[in-house]
Amino acid sequence: MRTVAEGNLKKALWFVAAVVIALLVLTWLKPFLQAYEIKTAGRLMCTDMIRVQGEARMAEQLGKPPAFDNKNVRDIFIGRARQAAIQFEAGDLDPDCGSFSDKDQPHCFSHQYSFDAQAGQHVCTIHVRYRTDTAPAIVGDVLQELPHLKLQQHIKMVQRVNKSY
C-alpha cells in the first residue's frame with residue numbers, strides 16, 4: 001500500500017514540476033517572439049526605405065511630390081510594432097536611439113538609409129529599443145499581483161540588399 005502512495009505522490013510532483021516549467025518557458029518565450037517580430041518589421045522597413053528612394057527618383061523625373069516617403073515608412077513600422085504588442089508612437093523616432101545608456105526614453109527607434117556604390121548594395125541601419133512587461137503565462141491574467149518579467153530590449157540591425165534585387 002505504501003509503494004502505491006509513494007508512486008502517486010511522485011507522479012503528482014512530476015506533473016506539478018512539468019506545469020511550472022511549461023509556464024516559465026511560455027513566459028520567457030513571449031519577449032523573444034516580440035523581438036523576432038520587431039526584427040521582421042525592421043527588415044520590411046529596409047525594403048520600404050529602398051522603395052522610398054525609388055519613388056523619390058521617379059517623382060523627381062515627373063516633377064511631382066513622391067507618393068511614398070519616410071513618414072509612410074515610419075507609420076508602417078509603428079503599425080507592425082503594435083502588432084508585436086510594442087507601443088511606439090511617432091515621437092519615438094530618435095536619431096540617437098543607438099546610445100543604450102539613456103534609460104529615460106525606454107522606447108525609441110531610428111533608421112538610416114545609404115547606398116554603397118562600390119559594393120552595389122543598399123545599406124539600412126535600424127536601431128530599436130523598448131521595454132517588455134510580460135505577465136506570467138496563463139496564470140498572470142488571474143493572479144495579477146504576480147511579478148512581471150521586465151526586460152530592456154535593444155536591437156541593432158544592419159541589412160545589406162543587393163542593388164539587383
# chains A, B, ... in the order shown; residues from 1 in each chain; ligands from 1

$ select_by_dssp --residues "range 12-148 of chain A" --states "alpha helix (DSSP H)" --output "VMD selection string"
chain A and resid 12 to 62 70 to 83

$ residues_around --residues "range 78-95 of chain A" --least-positions-apart "4" --cutoff "8 Å" --atoms "only C-alpha atoms" --output "list in words"
Gln34, Glu37, Ile38, Ala41, Arg74, His107, Cys108, Phe109, Ser110, His111, Tyr130 and Thr132 of chain A

$ write_last_selection --atoms "N, CA and C atoms" --output "PDB file, in the first residue's frame"
ATOM      1  N   GLN A  34       8.461  38.595 -29.522  1.00  0.00           N
ATOM      2  CA  GLN A  34       8.315  40.010 -29.840  1.00  0.00           C
ATOM      3  C   GLN A  34       9.570  40.533 -30.536  1.00  0.00           C
ATOM      4  N   GLU A  37       9.503  39.495 -34.086  1.00  0.00           N
ATOM      5  CA  GLU A  37       8.569  40.290 -34.872  1.00  0.00           C
ATOM      6  C   GLU A  37       9.124  41.680 -35.159  1.00  0.00           C
ATOM      7  N   ILE A  38       9.834  42.270 -34.208  1.00  0.00           N
ATOM      8  CA  ILE A  38      10.443  43.587 -34.429  1.00  0.00           C
ATOM      9  C   ILE A  38      11.559  43.486 -35.466  1.00  0.00           C
ATOM     10  N   ALA A  41       9.890  43.305 -38.748  1.00  0.00           N
ATOM     11  CA  ALA A  41       9.400  44.646 -39.113  1.00  0.00           C
ATOM     12  C   ALA A  41      10.558  45.527 -39.577  1.00  0.00           C
ATOM     13  N   ARG A  74       7.788  55.207 -41.470  1.00  0.00           N
ATOM     14  CA  ARG A  74       7.677  55.209 -40.001  1.00  0.00           C
ATOM     15  C   ARG A  74       6.307  54.727 -39.550  1.00  0.00           C
ATOM     16  N   HIS A 107      11.453  53.652 -25.028  1.00  0.00           N
ATOM     17  CA  HIS A 107      11.004  53.282 -26.357  1.00  0.00           C
ATOM     18  C   HIS A 107      11.578  54.270 -27.365  1.00  0.00           C
ATOM     19  N   CYS A 108      12.326  53.790 -28.300  1.00  0.00           N
ATOM     20  CA  CYS A 108      12.786  54.647 -29.382  1.00  0.00           C
ATOM     21  C   CYS A 108      13.199  53.774 -30.562  1.00  0.00           C
ATOM     22  N   PHE A 109      13.231  54.387 -31.726  1.00  0.00           N
ATOM     23  CA  PHE A 109      13.748  53.703 -32.895  1.00  0.00           C
ATOM     24  C   PHE A 109      14.357  54.738 -33.819  1.00  0.00           C
ATOM     25  N   SER A 110      15.303  54.307 -34.602  1.00  0.00           N
ATOM     26  CA  SER A 110      15.910  55.172 -35.604  1.00  0.00           C
ATOM     27  C   SER A 110      16.213  54.322 -36.825  1.00  0.00           C
ATOM     28  N   HIS A 111      16.258  54.982 -37.958  1.00  0.00           N
ATOM     29  CA  HIS A 111      16.586  54.272 -39.183  1.00  0.00           C
ATOM     30  C   HIS A 111      17.420  55.188 -40.063  1.00  0.00           C
ATOM     31  N   TYR A 130      13.255  49.074 -26.612  1.00  0.00           N
ATOM     32  CA  TYR A 130      11.944  49.051 -25.963  1.00  0.00           C
ATOM     33  C   TYR A 130      12.014  48.183 -24.717  1.00  0.00           C
ATOM     34  N   THR A 132       9.949  45.412 -22.329  1.00  0.00           N
ATOM     35  CA  THR A 132       8.849  44.461 -22.316  1.00  0.00           C
ATOM     36  C   THR A 132       8.360  44.313 -20.876  1.00  0.00           C
TER      37      THR A 132
END

$ residues_around --residues "Ile126 in chain A" --least-positions-apart "5" --cutoff "7 Å" --atoms "only C-alpha atoms" --output "list of chain:residue names"
A:Gly42, A:Ser110, A:His111, A:Gln112, A:Lys156, A:Met157, A:Val158

$ residues_around --residues "Ala56 in chain A" --least-positions-apart "3" --cutoff "9 Å" --atoms "only C-alpha atoms" --output "ChimeraX atom specification"
/A:51-53,59-61,65-69

$ residues_around --residues "Gln152 in chain A" --least-positions-apart "5" --cutoff "10 Å" --atoms "only C-alpha atoms" --output "MDAnalysis selection string"
chainID A and resid 31 100 103 106:107 129:133

$ write_last_selection --atoms "C-alpha atoms" --output "PDB file, in the first residue's frame"
ATOM      1  CA  PRO A  31       9.666  38.629 -25.242  1.00  0.00           C
ATOM      2  CA  PHE A 100      21.940  52.270 -24.852  1.00  0.00           C
ATOM      3  CA  LYS A 103      17.109  54.885 -19.832  1.00  0.00           C
ATOM      4  CA  PRO A 106      12.742  53.345 -22.962  1.00  0.00           C
ATOM      5  CA  HIS A 107      11.004  53.282 -26.357  1.00  0.00           C
ATOM      6  CA  ARG A 129      14.978  49.965 -28.049  1.00  0.00           C
ATOM      7  CA  TYR A 130      11.944  49.051 -25.963  1.00  0.00           C
ATOM      8  CA  ARG A 131      10.926  47.569 -22.633  1.00  0.00           C
ATOM      9  CA  THR A 132       8.849  44.461 -22.316  1.00  0.00           C
ATOM     10  CA  ASP A 133       6.469  43.880 -19.437  1.00  0.00           C
TER      11      ASP A 133
END

$ select_by_dssp --residues "range 28-134 of chain A" --states "strand (DSSP E or B)" --output "list in words"
Leu93, Cys108, Phe109, Ser110, His111, Gln112, Tyr113, Ser114, Phe115, Asp116, Gln121, His122, Val123, Cys124, Thr125, Ile126, His127, Val128, Arg129, Tyr130, Arg131, Thr132, Asp133 and Thr134 of chain A

$ write_last_selection --atoms "C-alpha atoms" --output "PDB file, in the first residue's frame"
ATOM      1  CA  LEU A  93      11.807  58.409 -33.625  1.00  0.00           C
ATOM      2  CA  CYS A 108      12.786  54.647 -29.382  1.00  0.00           C
ATOM      3  CA  PHE A 109      13.748  53.703 -32.895  1.00  0.00           C
ATOM      4  CA  SER A 110      15.910  55.172 -35.604  1.00  0.00           C
ATOM      5  CA  HIS A 111      16.586  54.272 -39.183  1.00  0.00           C
ATOM      6  CA  GLN A 112      19.159  55.313 -41.734  1.00  0.00           C
ATOM      7  CA  TYR A 113      19.495  54.517 -45.415  1.00  0.00           C
ATOM      8  CA  SER A 114      22.593  54.744 -47.580  1.00  0.00           C
ATOM      9  CA  PHE A 115      23.743  53.301 -50.855  1.00  0.00           C
ATOM     10  CA  ASP A 116      27.169  51.699 -51.145  1.00  0.00           C
ATOM     11  CA  GLN A 121      24.227  47.476 -52.124  1.00  0.00           C
ATOM     12  CA  HIS A 122      21.517  49.334 -50.277  1.00  0.00           C
ATOM     13  CA  VAL A 123      22.502  49.615 -46.604  1.00  0.00           C
ATOM     14  CA  CYS A 124      19.802  50.031 -43.949  1.00  0.00           C
ATOM     15  CA  THR A 125      20.718  50.617 -40.317  1.00  0.00           C
ATOM     16  CA  ILE A 126      17.907  50.265 -37.800  1.00  0.00           C
ATOM     17  CA  HIS A 127      18.075  50.695 -34.008  1.00  0.00           C
ATOM     18  CA  VAL A 128      15.122  49.733 -31.832  1.00  0.00           C
ATOM     19  CA  ARG A 129      14.978  49.965 -28.049  1.00  0.00           C
ATOM     20  CA  TYR A 130      11.944  49.051 -25.963  1.00  0.00           C
ATOM     21  CA  ARG A 131      10.926  47.569 -22.633  1.00  0.00           C
ATOM     22  CA  THR A 132       8.849  44.461 -22.316  1.00  0.00           C
ATOM     23  CA  ASP A 133       6.469  43.880 -19.437  1.00  0.00           C
ATOM     24  CA  THR A 134       5.286  40.284 -19.619  1.00  0.00           C
TER      25      THR A 134
END

$ closest_residue --among "A:Ala117, A:Leu151, A:Lys10, A:Val161" --to "Phe32 in chain A" --atoms "only C-alpha atoms"
A:Leu151

$ atom_distance --atom1 "CA of Pro136 in chain A" --atom2 "CA of Thr40 in chain A"
25.0 Å

$ atom_distance --atom1 "CA of Val16 in chain A" --atom2 "CA of Leu29 in chain A"
19.8 Å

$ atom_distance --atom1 "CA of Lys163 in chain A" --atom2 "CA of Lys71 in chain A"
23.2 Å

$ closest_residue --among "A:Leu13, A:Ile76, A:Leu146, A:Ala135" --to "Thr27 in chain A" --atoms "only C-alpha atoms"
A:Ala135
